[in-house]
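start-v5.txt (compact mmCIF, C-alpha atoms and all ligand atoms)
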```txt
# COMPACT_ATOMS: atom_id res chain seq x y z
CA MET T 1 0.00 0.00 0.00
CA ASN T 2 2.90 2.37 0.79
CA LYS T 3 4.37 2.13 -2.71
CA LEU T 4 0.96 2.59 -4.33
CA LEU T 5 0.28 5.69 -2.25
CA ASP T 6 3.73 7.13 -3.07
CA MET T 7 2.99 6.58 -6.73
CA LEU T 8 -0.45 8.20 -6.50
CA ILE T 9 0.95 11.23 -4.68
CA ASP T 10 3.65 11.69 -7.33
CA LEU T 11 1.11 11.25 -10.13
CA SER T 12 -1.21 13.82 -8.56
CA LYS T 13 1.50 16.51 -8.68
CA ARG T 14 0.22 17.70 -5.30
CA PRO T 15 3.50 17.59 -3.36
CA LEU T 16 2.15 19.66 -0.44
CA PHE T 17 -0.25 17.64 1.68
CA ILE T 18 -2.05 19.52 4.46
CA PRO T 19 -4.18 17.52 6.92
CA PHE T 20 -6.21 19.26 9.61
CA TYR T 21 -7.55 18.33 13.02
CA HIS T 22 -9.42 20.01 15.85
CA ALA T 23 -8.91 17.96 18.98
CA VAL T 24 -6.91 14.81 19.63
CA SER T 25 -8.47 12.90 22.50
CA ASP T 26 -9.65 9.48 23.67
CA THR T 27 -12.66 11.09 25.31
CA VAL T 28 -15.11 13.23 23.35
CA ALA T 29 -16.05 16.54 25.00
CA PRO T 30 -19.69 17.79 24.85
CA HIS T 31 -18.74 20.94 22.90
CA TYR T 32 -17.70 18.98 19.80
CA LYS T 33 -19.42 15.64 20.38
CA ASN T 34 -22.20 16.48 17.88
CA LEU T 35 -19.90 18.09 15.29
CA TYR T 36 -16.93 15.81 14.59
CA GLN T 37 -15.13 12.69 15.79
CA PRO T 38 -11.61 13.47 17.06
CA ARG T 39 -8.73 11.07 16.54
CA GLY T 40 -7.67 9.22 19.68
CA GLU T 41 -4.11 9.54 20.99
CA VAL T 42 -2.90 6.23 19.50
CA GLU T 43 -4.69 6.93 16.21
CA PHE T 44 -3.07 10.35 16.00
CA GLU T 45 0.37 8.88 16.49
CA ARG T 46 -0.38 6.32 13.76
CA ASP T 47 -1.49 9.17 11.48
CA LEU T 48 1.83 10.91 12.09
CA ASP T 49 3.78 7.71 11.36
CA CYS T 50 1.89 7.40 8.09
CA PHE T 51 2.55 11.03 7.12
CA LEU T 52 6.25 10.60 7.94
CA ARG T 53 6.47 7.55 5.67
CA HIS T 54 5.28 9.59 2.69
CA PHE T 55 6.11 13.22 3.40
CA GLU T 56 8.68 15.45 4.99
CA PRO T 57 6.93 17.50 7.71
CA LEU T 58 7.20 21.27 7.44
CA SER T 59 6.95 24.14 9.89
CA LEU T 60 5.07 27.25 8.76
CA ASP T 61 8.44 28.91 8.06
CA ASP T 62 9.53 25.92 5.94
CA PHE T 63 6.19 25.96 4.15
CA ALA T 64 6.75 29.60 3.16
CA ARG T 65 10.12 28.61 1.71
CA VAL T 66 9.04 25.43 -0.06
CA LYS T 67 5.49 26.15 -1.29
CA ASN T 68 6.36 27.66 -4.65
CA ASN T 69 9.24 25.39 -5.41
CA PRO T 70 8.78 21.92 -3.92
CA GLY T 71 11.00 20.29 -6.55
CA LYS T 72 10.85 16.52 -6.35
CA GLY T 73 10.05 16.53 -2.63
CA ARG T 74 6.82 15.51 -0.91
CA TYR T 75 5.85 17.62 2.08
CA CYS T 76 3.14 17.83 4.71
CA LEU T 77 2.01 20.62 7.00
CA ILE T 78 0.10 19.40 10.04
CA THR T 79 -2.57 21.85 11.16
CA PHE T 80 -5.10 22.25 13.97
CA ASP T 81 -8.13 24.56 13.94
CA ASP T 82 -9.92 26.35 16.80
CA GLY T 83 -7.07 26.32 19.38
CA LEU T 84 -8.47 23.60 21.66
CA SER T 85 -6.75 22.60 24.90
CA GLU T 86 -6.54 18.94 23.77
CA VAL T 87 -3.91 20.03 21.24
CA TYR T 88 -1.65 20.99 24.14
CA GLU T 89 -2.59 18.03 26.31
CA TYR T 90 -2.46 15.16 23.81
CA ALA T 91 -1.12 16.20 20.39
CA PHE T 92 1.73 18.45 21.51
CA PRO T 93 3.61 15.76 23.54
CA VAL T 94 3.47 13.34 20.57
CA LEU T 95 4.58 16.05 18.12
CA GLN T 96 7.47 16.94 20.43
CA ARG T 97 8.55 13.34 20.91
CA LYS T 98 8.55 12.78 17.15
CA LYS T 99 10.07 16.21 16.46
CA VAL T 100 7.24 17.07 14.06
CA PRO T 101 6.29 20.74 13.66
CA ALA T 102 2.65 21.88 13.36
CA VAL T 103 0.48 24.97 13.04
CA VAL T 104 -2.46 25.90 15.28
CA PHE T 105 -5.06 28.37 14.00
CA LEU T 106 -6.58 30.48 16.75
CA ASN T 107 -9.79 32.43 17.27
CA PRO T 108 -8.49 35.33 19.42
CA ARG T 109 -11.87 35.90 21.11
CA PHE T 110 -11.81 32.36 22.51
CA VAL T 111 -8.16 32.12 23.65
CA ASP T 112 -7.94 31.93 27.47
CA ASN T 113 -11.54 30.70 27.50
CA ARG T 114 -13.00 34.17 27.12
CA GLY T 115 -15.70 33.06 24.69
CA LEU T 116 -17.19 29.99 23.03
CA PHE T 117 -17.72 29.18 19.32
CA TYR T 118 -21.49 29.17 18.59
CA ARG T 119 -21.41 25.63 17.12
CA TYR T 120 -19.77 24.38 20.32
CA LYS T 121 -22.63 26.03 22.23
CA VAL T 122 -25.10 24.13 20.04
CA SER T 123 -23.31 20.82 20.67
CA ILE T 124 -23.45 21.43 24.44
CA LEU T 125 -27.18 22.21 24.24
CA ILE T 126 -27.85 19.00 22.30
CA GLU T 127 -26.02 17.02 24.97
CA GLU T 128 -28.16 18.73 27.63
CA LEU T 129 -31.27 17.99 25.61
CA ARG T 130 -30.40 14.28 25.51
CA ALA T 131 -29.60 14.17 29.20
CA ARG T 132 -32.96 15.72 30.06
CA SER T 133 -35.16 13.76 27.69
CA PHE T 134 -37.20 12.55 30.67
CA GLU T 135 -38.29 16.04 31.64
CA GLY T 136 -40.94 16.48 28.99
CA TYR T 137 -42.11 19.76 27.57
CA SER T 138 -41.04 23.11 28.88
CA ASP T 139 -40.28 26.62 27.60
CA TRP T 140 -36.98 25.66 26.04
CA MET T 141 -38.53 22.69 24.25
CA GLN T 142 -41.09 25.01 22.68
CA GLU T 143 -38.30 27.33 21.65
CA THR T 144 -36.22 24.58 20.02
CA GLY T 145 -39.03 22.96 18.07
CA GLY T 146 -41.41 20.95 20.26
CA ASP T 147 -39.97 17.43 20.11
CA PHE T 148 -36.47 16.14 20.66
CA GLU T 149 -35.64 15.20 17.11
CA THR T 150 -36.85 18.53 15.69
CA ALA T 151 -35.15 20.39 18.54
CA GLU T 152 -31.81 18.76 17.74
CA LYS T 153 -32.15 19.49 14.02
CA ASN T 154 -33.22 23.06 14.67
CA LEU T 155 -30.34 23.68 17.03
CA LEU T 156 -27.85 22.39 14.46
CA SER T 157 -29.33 24.68 11.81
CA LEU T 158 -28.73 27.87 13.83
CA GLY T 159 -26.11 30.13 12.29
CA TYR T 160 -23.56 32.68 13.46
CA GLY T 161 -26.17 35.45 13.13
CA GLN T 162 -28.40 33.58 15.57
CA THR T 163 -25.92 33.44 18.43
CA GLY T 164 -28.37 35.58 20.45
CA LYS T 165 -31.01 32.92 20.01
CA ILE T 166 -28.60 30.16 21.05
CA ASP T 167 -27.75 32.13 24.19
CA HIS T 168 -31.47 32.68 24.85
CA ILE T 169 -32.26 28.96 24.59
CA ALA T 170 -29.32 28.21 26.91
CA GLN T 171 -30.77 30.64 29.41
CA LEU T 172 -34.19 28.97 29.24
CA MET T 173 -32.51 25.59 29.75
CA GLY T 174 -30.46 26.91 32.64
CA VAL T 175 -27.19 26.17 30.84
CA SER T 176 -24.32 28.58 31.56
CA PHE T 177 -21.61 28.74 28.89
CA ALA T 178 -19.56 30.91 31.24
CA ASN T 179 -19.57 28.08 33.79
CA TYR T 180 -18.71 25.58 31.07
CA LEU T 181 -15.74 27.69 29.94
CA GLN T 182 -14.61 28.02 33.55
CA SER T 183 -14.93 24.36 34.52
CA GLU T 184 -13.96 22.65 31.24
CA GLN T 185 -11.33 25.11 29.93
CA PRO T 186 -11.89 23.98 26.33
CA TYR T 187 -9.42 26.43 24.78
CA LEU T 188 -5.68 27.01 24.93
CA THR T 189 -4.48 29.60 27.41
CA MET T 190 -1.76 32.13 26.56
CA PRO T 191 0.89 30.46 28.78
CA ARG T 192 0.27 27.22 26.85
CA VAL T 193 0.41 29.03 23.51
CA ARG T 194 3.74 30.57 24.52
CA GLU T 195 5.13 27.23 25.71
CA MET T 196 4.15 25.58 22.42
CA LYS T 197 5.58 28.46 20.42
CA GLY T 198 8.85 28.09 22.36
CA ALA T 199 8.92 24.42 21.37
CA GLY T 200 8.50 25.10 17.63
CA ILE T 201 4.71 24.98 17.16
CA GLN T 202 3.54 27.94 15.07
CA PHE T 203 0.26 29.83 14.99
CA GLY T 204 -2.09 31.46 12.52
CA GLY T 205 -5.45 33.25 12.47
CA HIS T 206 -8.79 31.44 12.17
CA SER T 207 -11.00 34.60 12.26
CA MET T 208 -11.91 36.43 15.48
CA ASP T 209 -14.94 34.32 16.47
CA HIS T 210 -15.57 31.71 13.78
CA PRO T 211 -18.35 32.99 11.47
CA PHE T 212 -19.25 31.22 8.21
CA PHE T 213 -17.53 33.48 5.68
CA ALA T 214 -20.09 33.11 2.88
CA ASP T 215 -22.63 34.77 5.22
CA LEU T 216 -20.48 37.90 5.62
CA GLY T 217 -19.90 40.86 3.31
CA LEU T 218 -16.39 41.44 1.92
CA LYS T 219 -15.58 44.12 4.50
CA ALA T 220 -16.53 41.91 7.45
CA GLN T 221 -14.66 38.94 5.93
CA LEU T 222 -11.47 40.99 5.59
CA GLN T 223 -11.84 42.41 9.08
CA GLN T 224 -12.39 38.99 10.70
CA ALA T 225 -9.37 37.50 8.90
CA ASN T 226 -6.94 40.42 9.17
CA GLU T 227 -7.69 41.12 12.84
CA SER T 228 -7.09 37.50 13.79
CA MET T 229 -3.71 37.52 12.02
CA ASP T 230 -2.79 40.93 13.52
CA TRP T 231 -3.53 39.42 16.94
CA VAL T 232 -1.44 36.31 16.34
CA CYS T 233 1.53 38.35 15.09
CA GLU T 234 1.31 40.80 17.98
CA LYS T 235 0.53 38.46 20.88
CA VAL T 236 2.29 35.27 19.78
CA GLY T 237 5.14 36.87 17.85
CA GLU T 238 4.60 35.17 14.48
CA THR T 239 6.13 36.98 11.52
CA ILE T 240 4.27 34.94 8.91
CA ARG T 241 0.64 35.90 8.36
CA ALA T 242 -1.27 32.64 7.85
CA PHE T 243 -5.03 32.27 7.87
CA ALA T 244 -7.27 29.18 7.91
CA PHE T 245 -10.91 29.74 6.97
CA PRO T 246 -13.45 28.89 9.69
CA PHE T 247 -15.73 26.13 8.29
CA SER T 248 -14.78 26.65 4.64
CA ASP T 249 -13.92 29.18 1.94
CA GLU T 250 -17.05 28.24 -0.02
CA GLY T 251 -18.39 31.19 -1.98
CA VAL T 252 -15.47 33.46 -1.02
CA LYS T 253 -14.60 35.64 -4.02
CA LYS T 254 -11.23 36.37 -5.62
CA THR T 255 -11.42 39.99 -4.38
CA PHE T 256 -11.13 38.74 -0.80
CA PHE T 257 -7.87 36.94 -1.56
CA GLU T 258 -6.54 39.94 -3.50
CA GLN T 259 -7.27 42.38 -0.69
CA LEU T 260 -6.31 40.21 2.29
CA ASN T 261 -3.03 40.98 4.02
CA ALA T 262 -1.76 37.39 4.31
CA ASP T 263 1.26 35.36 3.24
CA PHE T 264 -0.97 32.36 2.61
CA THR T 265 -4.40 30.97 3.42
CA PHE T 266 -5.94 27.53 3.90
CA GLY T 267 -9.32 26.01 3.06
CA THR T 268 -11.01 22.71 3.92
CA ALA T 269 -12.01 21.35 0.48
CA LYS T 270 -9.78 18.21 0.62
CA ILE T 271 -7.12 17.71 -2.05
CA LYS T 272 -7.76 20.35 -4.72
CA VAL T 273 -6.07 22.99 -6.84
CA ASP T 274 -7.37 26.49 -6.16
CA ASP T 275 -7.50 29.50 -8.46
CA ALA T 276 -6.81 31.89 -5.59
CA LYS T 277 -3.11 32.68 -5.28
CA ASN T 278 -1.28 31.38 -2.20
CA HIS T 279 -4.41 29.54 -1.10
CA TYR T 280 -4.07 25.86 -0.18
CA GLN T 281 -6.76 23.28 0.46
CA ARG T 282 -6.57 20.86 3.40
CA LEU T 283 -7.94 17.41 4.21
CA SER T 284 -9.86 16.67 7.42
CA MET T 285 -8.65 13.60 9.31
CA GLU T 286 -11.81 13.56 11.46
CA VAL T 287 -14.19 12.19 8.85
CA ASP T 288 -14.26 8.49 9.66
CA ASN T 289 -12.53 5.74 11.58
CA LYS T 290 -10.25 4.69 8.73
CA SER T 291 -6.47 4.75 9.07
CA ALA T 292 -4.54 7.69 7.63
CA GLY T 293 -3.17 5.37 4.93
CA GLN T 294 -6.68 4.37 3.85
CA ILE T 295 -7.93 7.98 3.90
CA LEU T 296 -4.96 9.19 1.85
CA LEU T 297 -5.27 6.36 -0.63
CA ARG T 298 -8.98 7.13 -1.09
CA GLU T 299 -8.52 10.90 -1.36
CA PHE T 300 -5.56 10.83 -3.75
CA THR T 301 -7.50 8.35 -5.91
CA ASN T 302 -10.55 10.66 -5.78
CA TYR T 303 -8.34 13.54 -6.79
CA GLN T 304 -7.08 11.61 -9.82
CA LEU T 305 -10.65 10.77 -10.84
CA LYS T 306 -11.74 14.40 -10.45
CA ARG T 307 -8.84 15.44 -12.66
CA LEU T 308 -10.26 13.31 -15.46
CA PHE T 309 -13.41 15.41 -15.36
CA GLY T 310 -11.71 18.73 -14.65
CA ARG T 311 -13.30 18.84 -11.20
CA HIS T 312 -10.07 18.99 -9.23
CA ARG T 313 -9.84 22.77 -9.43
CA ILE T 314 -11.76 25.37 -7.45
CA LYS T 315 -12.58 28.24 -9.78
CA ARG T 316 -13.09 31.74 -8.37
ZN ZN T 401 -12.72 26.05 13.03
```

What do you get writing this file as structure tokens?
Amino acid sequence: MNKLLDMLIDLSKRPLFIPFYHAVSDTVAPHYKNLYQPRGEVEFERDLDCFLRHFEPLSLDDFARVKNNPGKGRYCLITFDDGLSEVYEYAFPVLQRKKVPAVVFLNPRFVDNRGLFYRYKVSILIEELRARSFEGYSDWMQETGGDFETAEKNLLSLGYGQTGKIDHIAQLMGVSFANYLQSEQPYLTMPRVREMKGAGIQFGGHSMDHPFFADLGLKAQLQQANESMDWVCEKVGETIRAFAFPFSDEGVKKTFFEQLNADFTFGTAKIKVDDAKNHYQRLSMEVDNKSAGQILLREFTNYQLKRLFGRHRIKR
């Protein structure tokens, strides 16, 4: 399988492979339980072993150097979105032991547990809903749709612009996100960020508070992205301005990329070529329980098939 994958990667002419994760953990926390399935600690280490068999791992600095001229090399950049504390607790020790660099994309408004991503709020509410299924109807049930199934679906459909509604439902349910942030400490703290930075982990911006970019106007998109990178450069001391789109870059126009003050940006559309300059797509490793080798084999094969139909490129 290793030789076949090497061959597929070379054939694809995609020498820069960029996987992304959120958390790495054997236990699944309520705030992401209903959104994605994190890799366990052993699985994550196996993923790394697989990447190291096929690619040379890059730091963000190396990536800046190599990206336009990879030559005959094959490289990977390991990335984490949302700045979760599990990255420090479980991924960081493995990365250090294996001497593998990585990049963590932060939402400045959530660092130090000062705020909570609205989708994480929704996931917590769904967990509460399940735990209380015996309670029957009440105000918050009315508000979320009347029955449990509808309530769950309705909660998941709430967007960034409905954060007020999410907070209102939480209030009706007697759920305090402030208490959750305090007791669970889901995000990285600044001392941890600094410690990781000192050990070679680098950081980028992931917007200020994780909106879906297609829902925003150009001005708000630029502000969200630029401010998060300004913050990372100022507070963490990065000199490279890197940005990873929250959710995805779907529907984001060329003008955004032209006007953004960034060295490079990252999307979440799997293995693809992108029309936007200095914009690189990434592959989620949290999609199923397959091994990294199986996921890569499938995705590089898919990429080859898409090429046949000219569907490997994102046009802007
Ligand atoms: Zn994110």

Would you list the contacts of Pro38 of chain T as a VMD selection string, taking every protein, DNA or RNA residue within 12 Å and counting only C-alpha atoms, but skipping same-chain residues closer than 2 positions in sequence?
chain T and resid 20 to 29 31 to 36 40 to 44 80 84 86 to 87 90 to 91 284 to 289

Hey, which residues come within 9 Å of ligand ZN 401 (chain T) if we count all atoms listed in the file? Could you give them as a list in words?
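The residues within 9 Å of ligand ZN 401 (chain T), counting all atoms listed in the file, are His22, Phe80, Asp81, Asp82, Gly83, Phe105, Leu106, Asn107, Phe117, His206, Ser207, His210, Ala244, Phe245, Pro246, Phe247 and Ser248 of chain T.
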
Using all atoms listed in the file, what residues lie at most 10 Å away from (-7.4, 33.7, -7.1) (file coordinates), given as a compact mmCIF listing (two decimals) with C-alpha atoms, in the coordinates of the input?
```txt
# COMPACT_ATOMS: atom_id res chain seq x y z
CA LYS T 253 -14.60 35.64 -4.02
CA LYS T 254 -11.23 36.37 -5.62
CA THR T 255 -11.42 39.99 -4.38
CA PHE T 256 -11.13 38.74 -0.80
CA PHE T 257 -7.87 36.94 -1.56
CA GLU T 258 -6.54 39.94 -3.50
CA ASP T 274 -7.37 26.49 -6.16
CA ASP T 275 -7.50 29.50 -8.46
CA ALA T 276 -6.81 31.89 -5.59
CA LYS T 277 -3.11 32.68 -5.28
CA ASN T 278 -1.28 31.38 -2.20
CA HIS T 279 -4.41 29.54 -1.10
CA ILE T 314 -11.76 25.37 -7.45
CA LYS T 315 -12.58 28.24 -9.78
CA ARG T 316 -13.09 31.74 -8.37
```

Residues within 10 Å of Gln294 of chain T, all atoms listed in the file, excluding chain neighbours under 5 positions, as a VMD selection string:
chain T and resid 1 5 289 299

Atom CA of Tyr280 of chain T to atom CA of Glu45 of chain T, distance in Å rounded to a single decimal
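About the pair atom CA of Tyr280 of chain T and atom CA of Glu45 of chain T: they are 24.2 Å apart.
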
What gap, in Å, lies between atom CA of Ile78 of chain T and atom CA of Pro101 of chain T?
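Computing the Euclidean distance for atom CA of Ile78 of chain T and atom CA of Pro101 of chain T yields 7.3 Å.
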
Within 12 Å of Arg298 of chain T, counting all atoms listed in the file, which residues show up once you throw out same-chain ones fewer than 4 positions away? Write them as a count of residues only, please.
17

Fill-in result for segment 92-112 of chain T, N, CA and C atoms as a compact mmCIF listing (two decimals), keeping the file's coordinate frame:
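Resulting contents of out.txt:
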```
# COMPACT_ATOMS: atom_id res chain seq x y z
N PHE T 92 0.44 17.79 21.33
CA PHE T 92 1.73 18.45 21.51
C PHE T 92 2.82 17.50 22.03
N PRO T 93 2.55 16.69 23.07
CA PRO T 93 3.61 15.76 23.54
C PRO T 93 4.07 14.78 22.45
N VAL T 94 3.11 14.29 21.65
CA VAL T 94 3.47 13.34 20.57
C VAL T 94 4.30 14.06 19.51
N LEU T 95 3.86 15.26 19.13
CA LEU T 95 4.58 16.05 18.12
C LEU T 95 6.01 16.32 18.59
N GLN T 96 6.14 16.65 19.88
CA GLN T 96 7.47 16.94 20.43
C GLN T 96 8.36 15.70 20.40
N ARG T 97 7.79 14.59 20.85
CA ARG T 97 8.55 13.34 20.91
C ARG T 97 9.04 12.93 19.52
N LYS T 98 8.19 13.17 18.51
CA LYS T 98 8.55 12.78 17.15
C LYS T 98 9.26 13.89 16.38
N LYS T 99 9.43 15.03 17.07
CA LYS T 99 10.07 16.21 16.46
C LYS T 99 9.37 16.63 15.16
N VAL T 100 8.05 16.66 15.22
CA VAL T 100 7.24 17.07 14.06
C VAL T 100 6.64 18.44 14.34
N PRO T 101 6.88 19.41 13.45
CA PRO T 101 6.29 20.74 13.66
C PRO T 101 4.80 20.74 13.27
N ALA T 102 4.09 21.77 13.70
CA ALA T 102 2.65 21.88 13.36
C ALA T 102 2.22 23.33 13.49
N VAL T 103 1.04 23.62 12.97
CA VAL T 103 0.48 24.97 13.04
C VAL T 103 -0.89 24.90 13.71
N VAL T 104 -1.15 25.83 14.62
CA VAL T 104 -2.46 25.90 15.28
C VAL T 104 -3.11 27.23 14.90
N PHE T 105 -4.34 27.16 14.39
CA PHE T 105 -5.06 28.37 14.00
C PHE T 105 -6.02 28.78 15.11
N LEU T 106 -5.85 30.01 15.57
CA LEU T 106 -6.58 30.48 16.75
C LEU T 106 -7.70 31.46 16.43
N ASN T 107 -8.76 31.40 17.25
CA ASN T 107 -9.79 32.43 17.27
C ASN T 107 -9.49 33.32 18.49
N PRO T 108 -8.91 34.51 18.27
CA PRO T 108 -8.49 35.33 19.42
C PRO T 108 -9.56 35.54 20.49
N ARG T 109 -10.83 35.64 20.09
CA ARG T 109 -11.87 35.90 21.11
C ARG T 109 -12.13 34.71 22.03
N PHE T 110 -11.57 33.55 21.68
CA PHE T 110 -11.81 32.36 22.51
C PHE T 110 -10.56 31.95 23.32
N VAL T 111 -9.40 32.47 22.93
CA VAL T 111 -8.16 32.12 23.65
C VAL T 111 -8.34 32.51 25.12
N ASP T 112 -7.79 31.71 26.02
CA ASP T 112 -7.94 31.93 27.47
C ASP T 112 -9.37 31.71 27.94
```
